[in-house]
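Single-structure report; data block below.
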Amino acid sequence: MENGSKIIQWGILGCGKIAHKFAQDLLKVTNAKLHAVASRNLKKSVLFGLLYNSENCYGSYLELCLDNTVDVIYIATPHSFHFEHTILCLNHSKAVLCEKPFALNSNQVAHMIDLAREKNVFLMEAMWTLFLPHFQYVLNLIESKELGEITNLKADFGYQFGFNPESRIYNKSLGGGSLLDIGIYPVFAALNMLGIPSNINAKAQMTSTEVDENCDIVFQYKNGVSASLFSSVVEETKTEAILTFEKGTVHIHSRFHEPSKLTITTAEETTEKTFEVQTNGYNFEAEHVTDLLLNNKKESPLMTFDKSLQLMKLLDQIRAEIGLDYN
Ligand SMILES: NC(=O)c1ccc[n+]([C@@H]2O[C@H](COP(=O)([O-])OP(=O)(O)OC[C@H]3O[C@@H](n4cnc5c(N)ncnc54)[C@H](OP(=O)(O)O)[C@@H]3O)[C@@H](O)[C@H]2O)c1
């Protein structure tokens, strides 16, 4: 790490919608500073930089990678560029926090991880949900077995994105479709709450641009445990998660992947659990990465390389089931 101080100097690569939300929350993170931003268009990066007090604004992603005062780069480009941009950053020895999905397939993810290890540079997938207080609370509840074993999960994420064949949601060459964009959240919840399924069934309806407009997934585990997962880019759904346990249920209210609240019901009582979050919720992952970098770590103990690889292998298997190939 180039800087001798205790402040981690962040760079943002790609100044789109999520980059704005992340930059807003980064302003709230201790020991972190937005130091540089990069867009393919210099004017755009200057405007973005002005909003969030970035000292350096670049008109190309390469210039950001060549800035040796930047410690870590947050990659916020469409899915289909995550691999290329992560490789670019790692090859310039920049630590990376890359948006979800980590890449388009598990071969790419494996390659990214191998390079991070070879270069001894930090790398993490920005699965922000994992770092949210309510999600951690639920994972601890499962682990504690206070409500007995978890037997079923139902989780959905449906949002009506207006049809635009050029947009990253519908454009196949940008990794379009519901599964990789929002279906990843129900799949990620199942992976964290229930583990790797022994059987996967999935079906999808495709758009005229040949990506999944919705995707219906069933994961089966031993002992009759199952997960029903759904995503859609053409339909608003509740976007909640319901967990059934031997001794009760946990309802993660809409939208379950964002800062949210819980209702826990047992035979004896119903409890509402709220979590005070004053931000968009991206500060938790940014804080985690900042702390790890200050401690010279190269991998997150929570969002591990293995977890990202397992997640992408599940998405690969679902895509094989629904016949969606990005190559
Ligand atoms: N964690 C979350 O809650 C969350 C929420 C939304 C999205 N995401 C993820 O973040 C990524 C970006 O999503 P977004 O909604 O921010 O997308 P977006 O608004 O379209 O922004 C993507 C940015 O990527 C850059 N880019 C580079 N090459 C591009 C190309 N050929 N076409 C379009 N953009 C290109 C552009 O930045 P410049 O013009 O500045 O170069 C663009 O502004 C996606 O992978 C998505 O899954 C995560």
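Here, A, B, ... name the chains of the structure tokens in the order displayed, residue numbers run from 1 inside each chain, and ligands are numbered from 1 in the same displayed order.
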
Which residues are near ligand 1 - at most 7 Å, using only C-alpha atoms and all ligand atoms? Format: as a list in words. Gly14, Cys15, Gly16, Lys17, Ile18, Ala19, Ala38, Ser39, Arg40, Asn41, Lys44, Ser45, Ala76, Thr77, Pro78, His79, Phe81, Glu99, Lys100, Pro101, Ala126, Met127, Trp128, Arg168 and Asp181 of chain A

### Task
as a PyMOL selection string, please: all residues of stretch 59-159 of chain A that backbone DSSP puts in helix (DSSP H, G or I).
chain A and resi 61-66+79-91+106-119+128-131+133-144

Practice item. Extract the full set of strand (DSSP E) residues from stretch 37-157 of chain A according to DSSP on the backbone, and format it as a VMD selection string. Key: chain A and resid 37 to 38 56 to 58 72 to 75 95 to 99 123 to 126 150 to 157

Just write the chosen residues, N, CA and C atoms, as a compact mmCIF listing (two decimals), in the first residue's frame.
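Written file, result_7.txt:
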```
# COMPACT_ATOMS: atom_id res chain seq x y z
N VAL A 37 -11.72 9.13 -9.19
CA VAL A 37 -12.82 8.49 -9.92
C VAL A 37 -12.46 8.44 -11.39
N ALA A 38 -13.00 7.44 -12.08
CA ALA A 38 -12.72 7.32 -13.51
C ALA A 38 -13.96 6.95 -14.28
N ASN A 56 -9.07 13.53 -7.54
CA ASN A 56 -8.60 13.19 -8.90
C ASN A 56 -9.74 12.62 -9.73
N CYS A 57 -9.84 13.12 -10.96
CA CYS A 57 -10.90 12.65 -11.86
C CYS A 57 -10.25 12.29 -13.19
N TYR A 58 -10.49 11.08 -13.64
CA TYR A 58 -9.84 10.61 -14.87
C TYR A 58 -10.85 10.31 -15.97
N VAL A 72 -7.39 1.14 -3.36
CA VAL A 72 -8.40 0.13 -3.70
C VAL A 72 -9.38 0.72 -4.70
N ILE A 73 -9.81 -0.11 -5.63
CA ILE A 73 -10.74 0.35 -6.67
C ILE A 73 -12.06 -0.42 -6.56
N TYR A 74 -13.14 0.36 -6.52
CA TYR A 74 -14.49 -0.20 -6.54
C TYR A 74 -14.94 -0.22 -8.00
N ILE A 75 -15.23 -1.41 -8.51
CA ILE A 75 -15.62 -1.56 -9.92
C ILE A 75 -17.14 -1.57 -10.03
N ALA A 95 -5.91 -3.17 -5.10
CA ALA A 95 -6.92 -3.97 -4.42
C ALA A 95 -8.27 -3.69 -5.10
N VAL A 96 -9.15 -4.68 -5.08
CA VAL A 96 -10.41 -4.57 -5.82
C VAL A 96 -11.61 -4.98 -4.97
N LEU A 97 -12.65 -4.12 -5.03
CA LEU A 97 -13.99 -4.50 -4.58
C LEU A 97 -14.83 -4.41 -5.84
N CYS A 98 -15.28 -5.57 -6.34
CA CYS A 98 -16.00 -5.58 -7.62
C CYS A 98 -17.48 -5.89 -7.42
N GLU A 99 -18.32 -5.11 -8.07
CA GLU A 99 -19.77 -5.30 -7.97
C GLU A 99 -20.19 -6.74 -8.31
N LEU A 123 -8.89 -8.87 -3.03
CA LEU A 123 -10.01 -8.94 -3.98
C LEU A 123 -11.26 -9.40 -3.23
N MET A 124 -12.40 -8.73 -3.49
CA MET A 124 -13.67 -9.16 -2.89
C MET A 124 -14.84 -8.79 -3.79
N GLU A 125 -15.84 -9.66 -3.81
CA GLU A 125 -17.10 -9.37 -4.52
C GLU A 125 -17.98 -8.49 -3.62
N ALA A 126 -18.58 -7.47 -4.21
CA ALA A 126 -19.37 -6.52 -3.42
C ALA A 126 -20.78 -7.06 -3.14
N ILE A 150 -33.44 -24.91 10.17
CA ILE A 150 -34.20 -24.24 9.11
C ILE A 150 -34.64 -25.32 8.11
N THR A 151 -35.91 -25.29 7.71
CA THR A 151 -36.43 -26.34 6.82
C THR A 151 -36.81 -25.82 5.44
N ASN A 152 -37.05 -24.51 5.34
CA ASN A 152 -37.47 -23.97 4.03
C ASN A 152 -37.14 -22.48 3.94
N LEU A 153 -36.83 -22.06 2.71
CA LEU A 153 -36.63 -20.64 2.43
C LEU A 153 -37.42 -20.28 1.18
N LYS A 154 -38.14 -19.18 1.26
CA LYS A 154 -38.77 -18.63 0.05
C LYS A 154 -38.24 -17.21 -0.10
N ALA A 155 -37.69 -16.90 -1.25
CA ALA A 155 -37.15 -15.54 -1.45
C ALA A 155 -37.37 -15.13 -2.90
N ASP A 156 -37.75 -13.88 -3.09
CA ASP A 156 -38.01 -13.39 -4.45
C ASP A 156 -37.43 -11.99 -4.61
N PHE A 157 -37.20 -11.63 -5.85
CA PHE A 157 -36.79 -10.26 -6.17
C PHE A 157 -37.33 -9.96 -7.56
```

The distance between atom CA of A:Phe256 and atom CA of A:Ala241 is 6.1 Å

Residues within 10 Å of A:Pro165, please, as a ChimeraX atom specification. Count only C-alpha atoms; anything in the same chain fewer than 2 positions from it doesn't count. /A:162-163,167-172,176,207-209

Preceding selection exported with C-alpha atoms as a short mmCIF file (atom, residue, chain, number, x, y, z; two decimals), in the first residue's frame:
```cif
data_model
loop_
_atom_site.label_atom_id
_atom_site.label_comp_id
_atom_site.auth_asym_id
_atom_site.auth_seq_id
_atom_site.Cartn_x
_atom_site.Cartn_y
_atom_site.Cartn_z
CA GLY A 162 -38.91 -0.82 -18.66
CA PHE A 163 -37.95 -2.73 -21.80
CA SER A 167 -29.85 -1.41 -21.42
CA ARG A 168 -27.64 -3.66 -19.32
CA ILE A 169 -30.80 -5.38 -18.00
CA TYR A 170 -31.94 -6.59 -21.44
CA ASN A 171 -28.75 -6.52 -23.52
CA LYS A 172 -27.23 -10.01 -23.67
CA GLY A 176 -28.52 -9.00 -19.21
CA THR A 207 -37.07 -11.87 -23.68
CA SER A 208 -36.78 -11.09 -27.38
CA THR A 209 -33.14 -10.22 -26.57
#
```

**Item:** Contact residues around A:Leu51 with only C-alpha atoms at 10 Å, ignoring same-chain residues under 3 positions, as a PyMOL selection string
**Value:** chain A and resi 20+23-24+45-48+54

Report as a short mmCIF file (atom, residue, chain, number, x, y, z; two decimals) with N, CA, C and O atoms, in the first residue's frame all protein, DNA and RNA residues lying within 6 Å of A:Gln9, evaluated on only C-alpha atoms, omitting residues in the same chain fewer than 5 positions from it.
```
data_model
loop_
_atom_site.label_atom_id
_atom_site.label_comp_id
_atom_site.auth_asym_id
_atom_site.auth_seq_id
_atom_site.Cartn_x
_atom_site.Cartn_y
_atom_site.Cartn_z
N LYS A 33 -11.36 7.39 2.20
CA LYS A 33 -11.60 8.63 1.45
C LYS A 33 -11.75 8.31 -0.03
O LYS A 33 -11.00 7.47 -0.55
N HIS A 35 -10.70 9.11 -3.32
CA HIS A 35 -9.50 9.82 -3.73
C HIS A 35 -9.48 10.07 -5.24
O HIS A 35 -8.94 11.07 -5.71
N VAL A 70 -3.69 5.54 -5.25
CA VAL A 70 -4.97 4.84 -5.01
C VAL A 70 -4.68 3.46 -4.41
O VAL A 70 -3.85 2.71 -4.91
N ASP A 71 -5.39 3.14 -3.31
CA ASP A 71 -5.18 1.84 -2.65
C ASP A 71 -6.13 0.77 -3.17
O ASP A 71 -5.75 -0.38 -3.30
#
```

Spatial neighbours of A:Lys21, max dist 10 Å, only C-alpha atoms, sep filter under 5 positions, as a PyMOL selection string:
chain A and resi 16+26+279-283
